[in-house]
$ cat query.cif   # mmCIF, C-alpha atoms
data_protein
loop_
_atom_site.group_PDB
_atom_site.id
_atom_site.type_symbol
_atom_site.label_atom_id
_atom_site.label_comp_id
_atom_site.auth_asym_id
_atom_site.auth_seq_id
_atom_site.Cartn_x
_atom_site.Cartn_y
_atom_site.Cartn_z
ATOM 1 C CA MET A 1018 5.120 38.702 9.833
ATOM 2 C CA ARG A 1019 5.900 37.188 6.445
ATOM 3 C CA TRP A 1020 7.234 34.049 8.161
ATOM 4 C CA ILE A 1021 4.064 33.738 10.259
ATOM 5 C CA THR A 1022 1.891 34.161 7.163
ATOM 6 C CA GLY A 1023 3.848 31.518 5.265
ATOM 7 C CA ARG A 1024 3.669 29.139 8.198
ATOM 8 C CA GLY A 1025 -0.081 29.697 8.460
ATOM 9 C CA LEU A 1026 -0.559 28.928 4.777
ATOM 10 C CA VAL A 1027 1.405 25.702 5.167
ATOM 11 C CA TYR A 1028 -0.732 24.618 8.110
ATOM 12 C CA ALA A 1029 -3.912 25.572 6.251
ATOM 13 C CA ALA A 1030 -2.847 23.515 3.224
ATOM 14 C CA ALA A 1031 -1.972 20.558 5.460
ATOM 15 C CA MET A 1032 -5.351 20.829 7.217
ATOM 16 C CA ALA A 1033 -7.197 21.000 3.885
ATOM 17 C CA LEU A 1034 -5.338 17.909 2.624
ATOM 18 C CA ALA A 1035 -6.092 16.028 5.849
ATOM 19 C CA LEU A 1036 -9.794 16.901 5.635
ATOM 20 C CA PHE A 1037 -9.847 15.884 1.975
ATOM 21 C CA ILE A 1038 -8.677 12.407 3.056
ATOM 22 C CA LEU A 1039 -10.519 12.034 6.382
ATOM 23 C CA ILE A 1040 -14.000 13.279 5.429
ATOM 24 C CA PRO A 1041 -14.683 10.442 2.903
ATOM 25 C CA ILE A 1042 -13.480 7.884 5.480
ATOM 26 C CA TYR A 1043 -15.792 9.423 8.078
ATOM 27 C CA LEU A 1044 -18.767 9.404 5.703
ATOM 28 C CA ILE A 1045 -18.144 5.801 4.654
ATOM 29 C CA THR A 1046 -18.082 4.791 8.330
ATOM 30 C CA LEU A 1047 -21.370 6.617 8.977
ATOM 31 C CA MET A 1048 -23.011 4.916 6.012
ATOM 32 C CA ALA A 1049 -21.714 1.468 6.962
ATOM 33 C CA PHE A 1050 -23.199 1.728 10.459
ATOM 34 C CA GLY A 1051 -26.238 3.784 9.453
ATOM 35 C CA THR A 1052 -29.821 2.648 9.157
ATOM 36 C CA ASP A 1053 -31.768 2.611 5.899
ATOM 37 C CA ALA A 1054 -33.552 5.799 6.923
ATOM 38 C CA PHE A 1055 -30.253 7.575 7.578
ATOM 39 C CA ILE A 1056 -28.740 6.466 4.269
ATOM 40 C CA SER A 1057 -31.761 7.616 2.258
ATOM 41 C CA ASP A 1058 -32.134 10.843 4.209
ATOM 42 C CA PHE A 1059 -31.024 14.058 2.462
ATOM 43 C CA PRO A 1060 -29.470 16.370 3.452
ATOM 44 C CA LYS A 1061 -27.655 14.342 6.062
ATOM 45 C CA SER A 1062 -26.452 15.574 9.420
ATOM 46 C CA PHE A 1063 -22.689 15.600 9.771
ATOM 47 C CA LEU A 1064 -23.090 14.662 13.460
ATOM 48 C CA PRO A 1065 -26.054 12.234 13.525
ATOM 49 C CA SER A 1066 -27.730 10.974 16.664
ATOM 50 C CA LEU A 1067 -27.030 7.564 18.154
ATOM 51 C CA ASP A 1068 -30.403 6.123 17.126
ATOM 52 C CA THR A 1069 -29.331 6.283 13.479
ATOM 53 C CA PHE A 1070 -26.550 3.731 14.017
ATOM 54 C CA THR A 1071 -26.772 -0.027 13.807
ATOM 55 C CA GLY A 1072 -24.200 -2.804 13.514
ATOM 56 C CA ASP A 1073 -26.464 -5.260 11.723
ATOM 57 C CA THR A 1074 -25.126 -4.466 8.260
ATOM 58 C CA VAL A 1075 -21.477 -4.882 9.232
ATOM 59 C CA LEU A 1076 -22.201 -8.119 11.115
ATOM 60 C CA PHE A 1077 -24.201 -9.503 8.212
ATOM 61 C CA PHE A 1078 -21.447 -8.570 5.798
ATOM 62 C CA TRP A 1079 -18.830 -10.256 8.004
ATOM 63 C CA ASN A 1080 -20.923 -13.427 8.183
ATOM 64 C CA PHE A 1081 -21.551 -13.427 4.431
ATOM 65 C CA PRO A 1082 -20.113 -16.629 2.875
ATOM 66 C CA GLY A 1083 -16.567 -16.148 1.649
ATOM 67 C CA VAL A 1084 -15.895 -12.717 3.176
ATOM 68 C CA PRO A 1085 -13.609 -13.846 6.059
ATOM 69 C CA GLU A 1086 -11.704 -16.130 3.698
ATOM 70 C CA SER A 1087 -11.293 -13.306 1.160
ATOM 71 C CA LEU A 1088 -10.050 -10.995 3.895
ATOM 72 C CA VAL A 1089 -7.427 -13.549 4.938
ATOM 73 C CA THR A 1090 -6.406 -14.006 1.305
ATOM 74 C CA SER A 1091 -6.003 -10.246 0.838
ATOM 75 C CA LEU A 1092 -3.860 -9.961 3.974
ATOM 76 C CA THR A 1093 -1.734 -12.936 2.897
ATOM 77 C CA VAL A 1094 -1.225 -11.530 -0.590
ATOM 78 C CA ALA A 1095 -0.350 -8.061 0.740
ATOM 79 C CA VAL A 1096 2.173 -9.394 3.266
ATOM 80 C CA ILE A 1097 3.868 -11.626 0.693
ATOM 81 C CA THR A 1098 3.986 -8.711 -1.748
ATOM 82 C CA VAL A 1099 5.589 -6.401 0.825
ATOM 83 C CA VAL A 1100 8.196 -8.998 1.807
ATOM 84 C CA LEU A 1101 9.136 -9.876 -1.776
ATOM 85 C CA SER A 1102 9.235 -6.228 -2.846
ATOM 86 C CA LEU A 1103 11.592 -5.291 -0.011
ATOM 87 C CA LEU A 1104 13.801 -8.365 -0.426
ATOM 88 C CA LEU A 1105 14.224 -7.682 -4.145
ATOM 89 C CA GLY A 1106 13.812 -3.924 -4.321
ATOM 90 C CA ALA A 1107 15.974 -2.760 -1.408
ATOM 91 C CA PRO A 1108 19.217 -4.449 -2.618
ATOM 92 C CA ALA A 1109 18.521 -3.280 -6.175
ATOM 93 C CA GLY A 1110 17.936 0.272 -4.949
ATOM 94 C CA TYR A 1111 21.102 0.143 -2.870
ATOM 95 C CA ALA A 1112 23.098 -1.000 -5.896
ATOM 96 C CA LEU A 1113 21.687 1.818 -8.026
ATOM 97 C CA ALA A 1114 22.553 4.343 -5.320
ATOM 98 C CA ARG A 1115 26.090 3.143 -4.614
ATOM 99 C CA TYR A 1116 27.488 2.025 -7.970
ATOM 100 C CA ARG A 1117 28.052 4.230 -10.993
ATOM 101 C CA PHE A 1118 27.931 2.658 -14.439
ATOM 102 C CA ARG A 1119 27.284 3.726 -17.996
ATOM 103 C CA GLY A 1120 23.593 3.962 -18.853
ATOM 104 C CA ALA A 1121 22.399 4.230 -15.248
ATOM 105 C CA ASP A 1122 19.771 6.851 -16.093
ATOM 106 C CA ALA A 1123 18.455 4.810 -18.993
ATOM 107 C CA TYR A 1124 18.346 1.753 -16.736
ATOM 108 C CA ARG A 1125 16.275 3.641 -14.155
ATOM 109 C CA LEU A 1126 13.910 4.785 -16.882
ATOM 110 C CA SER A 1127 13.576 1.249 -18.211
ATOM 111 C CA ILE A 1128 12.675 0.022 -14.723
ATOM 112 C CA LEU A 1129 9.898 2.585 -14.475
ATOM 113 C CA ALA A 1130 8.759 1.875 -18.030
ATOM 114 C CA THR A 1131 7.690 -1.626 -17.028
ATOM 115 C CA ARG A 1132 4.703 -0.023 -15.287
ATOM 116 C CA ALA A 1133 3.513 1.160 -18.702
ATOM 117 C CA PHE A 1134 2.287 -2.334 -19.580
ATOM 118 C CA PRO A 1135 -1.348 -2.637 -18.450
ATOM 119 C CA VAL A 1136 -2.478 -5.787 -16.708
ATOM 120 C CA VAL A 1137 -5.236 -6.200 -19.292
ATOM 121 C CA ILE A 1138 -2.684 -6.999 -22.001
ATOM 122 C CA LEU A 1139 -0.844 -9.469 -19.764
ATOM 123 C CA ALA A 1140 -3.965 -11.182 -18.393
ATOM 124 C CA ILE A 1141 -4.218 -14.118 -20.809
ATOM 125 C CA PRO A 1142 -0.445 -14.900 -20.865
ATOM 126 C CA LEU A 1143 -0.369 -14.706 -17.060
ATOM 127 C CA VAL A 1144 -3.311 -17.080 -16.657
ATOM 128 C CA THR A 1145 -1.764 -19.544 -19.122
ATOM 129 C CA THR A 1146 1.618 -19.382 -17.401
ATOM 130 C CA TYR A 1147 0.116 -19.733 -13.936
ATOM 131 C CA ILE A 1148 -1.891 -22.791 -14.967
ATOM 132 C CA ARG A 1149 1.253 -24.342 -16.423
ATOM 133 C CA TRP A 1150 3.170 -23.640 -13.192
ATOM 134 C CA GLY A 1151 0.324 -24.789 -10.965
ATOM 135 C CA ILE A 1152 -0.009 -21.518 -9.031
ATOM 136 C CA ASP A 1153 -3.293 -20.337 -10.530
ATOM 137 C CA ASP A 1154 -6.018 -19.324 -8.083
ATOM 138 C CA SER A 1155 -3.531 -19.022 -5.224
ATOM 139 C CA ALA A 1156 -2.321 -16.270 -2.935
ATOM 140 C CA LEU A 1157 1.260 -16.774 -4.134
ATOM 141 C CA GLY A 1158 0.301 -16.245 -7.770
ATOM 142 C CA ILE A 1159 -1.535 -12.976 -7.035
ATOM 143 C CA ALA A 1160 1.347 -11.829 -4.813
ATOM 144 C CA LEU A 1161 3.844 -12.412 -7.632
ATOM 145 C CA LEU A 1162 1.770 -10.211 -9.936
ATOM 146 C CA HIS A 1163 1.497 -7.485 -7.296
ATOM 147 C CA THR A 1164 5.237 -7.708 -6.650
ATOM 148 C CA ALA A 1165 5.941 -7.164 -10.332
ATOM 149 C CA MET A 1166 3.649 -4.127 -10.255
ATOM 150 C CA ALA A 1167 5.200 -2.616 -7.116
ATOM 151 C CA LEU A 1168 8.849 -3.507 -7.690
ATOM 152 C CA PRO A 1169 9.769 -0.624 -10.067
ATOM 153 C CA THR A 1170 8.545 1.999 -7.608
ATOM 154 C CA THR A 1171 10.164 0.178 -4.686
ATOM 155 C CA ILE A 1172 13.538 0.124 -6.452
ATOM 156 C CA LEU A 1173 13.444 3.814 -7.354
ATOM 157 C CA VAL A 1174 12.224 4.918 -3.910
ATOM 158 C CA THR A 1175 14.831 2.891 -2.041
ATOM 159 C CA ALA A 1176 17.537 4.100 -4.440
ATOM 160 C CA SER A 1177 16.664 7.723 -3.706
ATOM 161 C CA VAL A 1178 16.719 6.968 0.020
ATOM 162 C CA PHE A 1179 20.142 5.290 -0.048
ATOM 163 C CA VAL A 1180 21.531 8.182 -2.079
ATOM 164 C CA GLY A 1181 20.785 10.392 0.927
ATOM 165 C CA VAL A 1182 22.796 8.159 3.267
ATOM 166 C CA SER A 1183 26.368 9.404 3.296
ATOM 167 C CA THR A 1184 28.979 6.950 2.083
ATOM 168 C CA ASP A 1185 31.388 8.385 4.676
ATOM 169 C CA LEU A 1186 29.401 6.646 7.420
ATOM 170 C CA GLU A 1187 29.850 3.284 5.719
ATOM 171 C CA ALA A 1188 33.531 3.988 5.145
ATOM 172 C CA ALA A 1189 33.950 4.804 8.826
ATOM 173 C CA ALA A 1190 32.239 1.544 9.765
ATOM 174 C CA LEU A 1191 34.608 -0.367 7.462
ATOM 175 C CA THR A 1192 37.632 1.211 9.138
ATOM 176 C CA LEU A 1193 36.253 0.135 12.530
ATOM 177 C CA GLY A 1194 36.186 -3.532 11.542
ATOM 178 C CA CYS A 1195 32.763 -3.979 9.975
ATOM 179 C CA THR A 1196 32.365 -5.905 6.786
ATOM 180 C CA ARG A 1197 30.435 -4.318 3.932
ATOM 181 C CA ARG A 1198 27.386 -6.376 4.814
ATOM 182 C CA GLN A 1199 27.625 -5.367 8.484
ATOM 183 C CA ALA A 1200 28.030 -1.697 7.500
ATOM 184 C CA PHE A 1201 24.890 -1.944 5.409
ATOM 185 C CA ARG A 1202 22.928 -3.665 8.185
ATOM 186 C CA ARG A 1203 24.117 -1.443 11.055
ATOM 187 C CA ILE A 1204 24.533 1.932 9.355
ATOM 188 C CA SER A 1205 22.704 2.325 6.043
ATOM 189 C CA LEU A 1206 19.639 0.231 6.761
ATOM 190 C CA PRO A 1207 18.601 1.992 10.029
ATOM 191 C CA LEU A 1208 19.020 5.395 8.398
ATOM 192 C CA ALA A 1209 16.941 4.269 5.419
ATOM 193 C CA LEU A 1210 14.035 2.906 7.501
ATOM 194 C CA PRO A 1211 11.774 5.962 6.941
ATOM 195 C CA GLY A 1212 12.080 5.639 3.184
ATOM 196 C CA LEU A 1213 11.597 1.888 3.367
ATOM 197 C CA ALA A 1214 8.486 2.473 5.486
ATOM 198 C CA ALA A 1215 7.087 4.804 2.815
ATOM 199 C CA SER A 1216 7.792 2.177 0.166
ATOM 200 C CA THR A 1217 6.178 -0.491 2.346
ATOM 201 C CA ILE A 1218 3.002 1.564 2.770
ATOM 202 C CA PHE A 1219 2.780 2.172 -0.969
ATOM 203 C CA THR A 1220 3.299 -1.525 -1.732
ATOM 204 C CA PHE A 1221 0.750 -2.686 0.836
ATOM 205 C CA VAL A 1222 -1.915 -0.251 -0.353
ATOM 206 C CA LEU A 1223 -1.259 -1.128 -4.006
ATOM 207 C CA SER A 1224 -1.623 -4.847 -3.311
ATOM 208 C CA TRP A 1225 -4.623 -4.379 -1.024
ATOM 209 C CA ASN A 1226 -6.594 -2.258 -3.516
ATOM 210 C CA GLU A 1227 -5.660 -4.034 -6.766
ATOM 211 C CA VAL A 1228 -8.772 -5.536 -8.366
ATOM 212 C CA PHE A 1229 -8.365 -6.528 -11.997
ATOM 213 C CA GLY A 1230 -5.363 -8.826 -11.698
ATOM 214 C CA ALA A 1231 -6.759 -10.497 -8.579
ATOM 215 C CA ALA A 1232 -10.138 -11.027 -10.249
ATOM 216 C CA VAL A 1233 -8.560 -12.564 -13.356
ATOM 217 C CA LEU A 1234 -6.129 -14.837 -11.518
ATOM 218 C CA SER A 1235 -8.524 -16.084 -8.830
ATOM 219 C CA SER A 1236 -11.961 -17.657 -8.894
ATOM 220 C CA ARG A 1237 -12.382 -19.873 -5.835
ATOM 221 C CA ASN A 1238 -10.021 -17.907 -3.575
ATOM 222 C CA PRO A 1239 -10.472 -14.235 -4.506
ATOM 223 C CA THR A 1240 -9.140 -11.285 -2.587
ATOM 224 C CA LEU A 1241 -11.611 -9.066 -0.792
ATOM 225 C CA PRO A 1242 -11.652 -6.248 -3.423
ATOM 226 C CA ALA A 1243 -12.129 -8.796 -6.226
ATOM 227 C CA LYS A 1244 -14.986 -10.433 -4.322
ATOM 228 C CA LEU A 1245 -16.666 -7.099 -3.672
ATOM 229 C CA VAL A 1246 -16.473 -6.051 -7.306
ATOM 230 C CA THR A 1247 -17.886 -9.335 -8.598
ATOM 231 C CA GLN A 1248 -20.605 -9.915 -5.980
ATOM 232 C CA LEU A 1249 -21.721 -6.535 -4.622
ATOM 233 C CA GLY A 1250 -22.641 -4.935 -7.919
ATOM 234 C CA GLU A 1251 -26.361 -5.462 -7.321
ATOM 235 C CA SER A 1252 -26.309 -5.060 -3.528
ATOM 236 C CA SER A 1253 -27.843 -2.222 -1.559
ATOM 237 C CA LEU A 1254 -25.879 0.862 -0.571
ATOM 238 C CA ARG A 1255 -25.554 -0.342 3.029
ATOM 239 C CA PHE A 1256 -23.637 -3.442 1.995
ATOM 240 C CA ARG A 1257 -21.474 -1.497 -0.439
ATOM 241 C CA PHE A 1258 -20.461 0.925 2.296
ATOM 242 C CA ALA A 1259 -19.837 -1.984 4.670
ATOM 243 C CA GLY A 1260 -17.550 -3.533 2.068
ATOM 244 C CA ALA A 1261 -15.734 -0.224 1.631
ATOM 245 C CA LEU A 1262 -15.222 -0.066 5.400
ATOM 246 C CA PHE A 1263 -13.750 -3.574 5.447
ATOM 247 C CA ILE A 1264 -11.294 -2.530 2.737
ATOM 248 C CA LEU A 1265 -10.326 0.696 4.505
ATOM 249 C CA VAL A 1266 -9.714 -0.556 8.039
ATOM 250 C CA PRO A 1267 -6.816 -3.022 7.426
ATOM 251 C CA ALA A 1268 -4.946 -0.474 5.294
ATOM 252 C CA LEU A 1269 -5.393 2.211 7.965
ATOM 253 C CA VAL A 1270 -4.222 -0.154 10.713
ATOM 254 C CA PHE A 1271 -1.116 -1.035 8.706
ATOM 255 C CA MET A 1272 -0.349 2.662 8.187
ATOM 256 C CA VAL A 1273 -0.671 3.316 11.920
ATOM 257 C CA PHE A 1274 1.943 0.668 12.697
ATOM 258 C CA ALA A 1275 4.266 1.824 9.884
ATOM 259 C CA ARG A 1276 4.021 5.545 10.596
ATOM 260 C CA ARG A 1277 6.505 5.429 13.480
ATOM 261 C CA TYR A 1278 9.228 4.739 10.919
ATOM 262 C CA LEU A 1279 7.774 7.131 8.355
ATOM 263 C CA MET A 1280 7.449 10.047 10.790
ATOM 264 C CA SER A 1281 11.056 9.670 11.896
ATOM 265 C CA LEU A 1282 12.075 10.852 8.420
ATOM 266 C CA TRP A 1283 12.113 14.404 9.760
ATOM 267 C CA GLY A 1284 14.146 13.457 12.803
ATOM 268 C CA VAL A 1285 16.996 11.489 11.210
ATOM 269 C CA LYS A 1286 20.116 13.253 10.020
ATOM 270 C CA LEU A 1287 21.243 11.525 6.846
ATOM 271 C CA LYS A 1288 24.331 13.550 6.028
#
$ encode --input "query.cif" --output "structure tokens"
Amino acid sequence: MRWITGRGLVYAAAMALALFILIPIYLITLMAFGTDAFISDFPKSFLPSLDTFTGDTVLFFWNFPGVPESLVTSLTVAVITVVLSLLLGAPAGYALARYRFRGADAYRLSILATRAFPVVILAIPLVTTYIRWGIDDSALGIALLHTAMALPTTILVTASVFVGVSTDLEAAALTLGCTRRQAFRRISLPLALPGLAASTIFTFVLSWNEVFGAAVLSSRNPTLPAKLVTQLGESSLRFRFAGALFILVPALVFMVFARRYLMSLWGVKLK
């Protein structure tokens, strides 16, 4: 009976957390496709009728000048950020997990401490450096900033994942003729995919939602969040909710494709 009660509490907590996340997404979707009368109506029906929906706001927002280009820029920046973070962070995390050296704990803390520097302080030096390098107002420049922001977390997450992969498996692969690189690619990397997927989701969402750095470093080619913040401040609620929907959907789609690796975390035996 105690086990059943504990299990019920776990499921209730999971359901409450899921509702806490899903209800705002549901309400934003209703508002984005709702009419003016539905948006101004209070109290609102949680299950409105079909005559309260319209796609005019979303279509107008999509056809607004600069929105498709900003969406492409955001996707490009997020993809570049994910690739660079994994290419740099995964080997660094593997090295932290496999090699023991003096001051390792202090080194991990110093990596995380880099996130303590706010982008506001670095804004002017970054703009000056980017202009000197010729990468200002470009997707690559914003992606480099987002990579620097996400890299500390990526390194620490991947390090904790590789710690859970037994070194005996790699040693067995070495005795069977694999090189160290082949043992990493065939043994450690597949077992670490769930953790890498979690790191990938975090990096993508961080890059997709980041506003200040993208707004400072871009003017003619802004990302979608930067464009929304600078141009929708005086817009009606319908267009604000439509913009929120356009920000939500790509991140949700990416999570759906990445979850197959994330969910396998509970089905992979690491030791």
$ resolve_selection --input "query.cif" --expression "the PyMOL selection byres ((chain A and resi 1093) around 10)" --output "ChimeraX atom specification"
/A:1087-1092,1094-1098,1156-1157,1159-1160,1225,1240
$ closest_residue --input "query.cif" --among "A:Gln1248, A:Ser1183, A:Thr1164, A:Thr1131" --to "A:Gly1083" --atoms "all atoms listed in the file"
A:Gln1248
$ residues_around --input "query.cif" --residues "A:Leu1047" --least-positions-apart "6" --cutoff "10 Å" --atoms "all atoms listed in the file" --output "number ranges by chain"
A: 1041, 1055-1056, 1063-1065, 1069-1071, 1258-1259, 1262
$ resolve_selection --input "query.cif" --expression "the PyMOL selection byres ((chain A and resi 1142-1154) around 12)" --output "ChimeraX atom specification"
/A:1090,1094,1136-1141,1155-1162,1165,1230-1240
$ atom_distance --input "query.cif" --atom1 "atom CA of A:Pro1082" --atom2 "atom CA of A:Thr1247"
13.8 Å
$ closest_residue --input "query.cif" --among "A:Phe1229, A:Phe1256, A:Phe1263, A:Phe1201" --to "A:Thr1052" --atoms "all atoms listed in the file"
A:Phe1256
$ atom_distance --input "query.cif" --atom1 "atom CA of A:Thr1171" --atom2 "atom CA of A:Gly1106"
5.5 Å
$ resolve_selection --input "query.cif" --expression "the PyMOL selection byres ((chain A and resi 1172) around 12)" --output "short mmCIF file (atom, residue, chain, number, x, y, z; two decimals) with C-alpha atoms, in the coordinates of the input"
data_model
loop_
_atom_site.label_atom_id
_atom_site.label_comp_id
_atom_site.auth_asym_id
_atom_site.auth_seq_id
_atom_site.Cartn_x
_atom_site.Cartn_y
_atom_site.Cartn_z
CA LEU A 1101 9.14 -9.88 -1.78
CA SER A 1102 9.24 -6.23 -2.85
CA LEU A 1103 11.59 -5.29 -0.01
CA LEU A 1104 13.80 -8.36 -0.43
CA LEU A 1105 14.22 -7.68 -4.14
CA GLY A 1106 13.81 -3.92 -4.32
CA ALA A 1107 15.97 -2.76 -1.41
CA PRO A 1108 19.22 -4.45 -2.62
CA ALA A 1109 18.52 -3.28 -6.18
CA GLY A 1110 17.94 0.27 -4.95
CA TYR A 1111 21.10 0.14 -2.87
CA ALA A 1112 23.10 -1.00 -5.90
CA LEU A 1113 21.69 1.82 -8.03
CA ALA A 1114 22.55 4.34 -5.32
CA TYR A 1124 18.35 1.75 -16.74
CA ARG A 1125 16.27 3.64 -14.16
CA LEU A 1126 13.91 4.78 -16.88
CA SER A 1127 13.58 1.25 -18.21
CA ILE A 1128 12.68 0.02 -14.72
CA LEU A 1129 9.90 2.58 -14.48
CA THR A 1164 5.24 -7.71 -6.65
CA ALA A 1165 5.94 -7.16 -10.33
CA MET A 1166 3.65 -4.13 -10.26
CA ALA A 1167 5.20 -2.62 -7.12
CA LEU A 1168 8.85 -3.51 -7.69
CA PRO A 1169 9.77 -0.62 -10.07
CA THR A 1170 8.54 2.00 -7.61
CA THR A 1171 10.16 0.18 -4.69
CA LEU A 1173 13.44 3.81 -7.35
CA VAL A 1174 12.22 4.92 -3.91
CA THR A 1175 14.83 2.89 -2.04
CA ALA A 1176 17.54 4.10 -4.44
CA SER A 1177 16.66 7.72 -3.71
CA VAL A 1178 16.72 6.97 0.02
CA PHE A 1179 20.14 5.29 -0.05
CA GLY A 1212 12.08 5.64 3.18
CA LEU A 1213 11.60 1.89 3.37
CA SER A 1216 7.79 2.18 0.17
CA THR A 1217 6.18 -0.49 2.35
CA THR A 1220 3.30 -1.52 -1.73
#
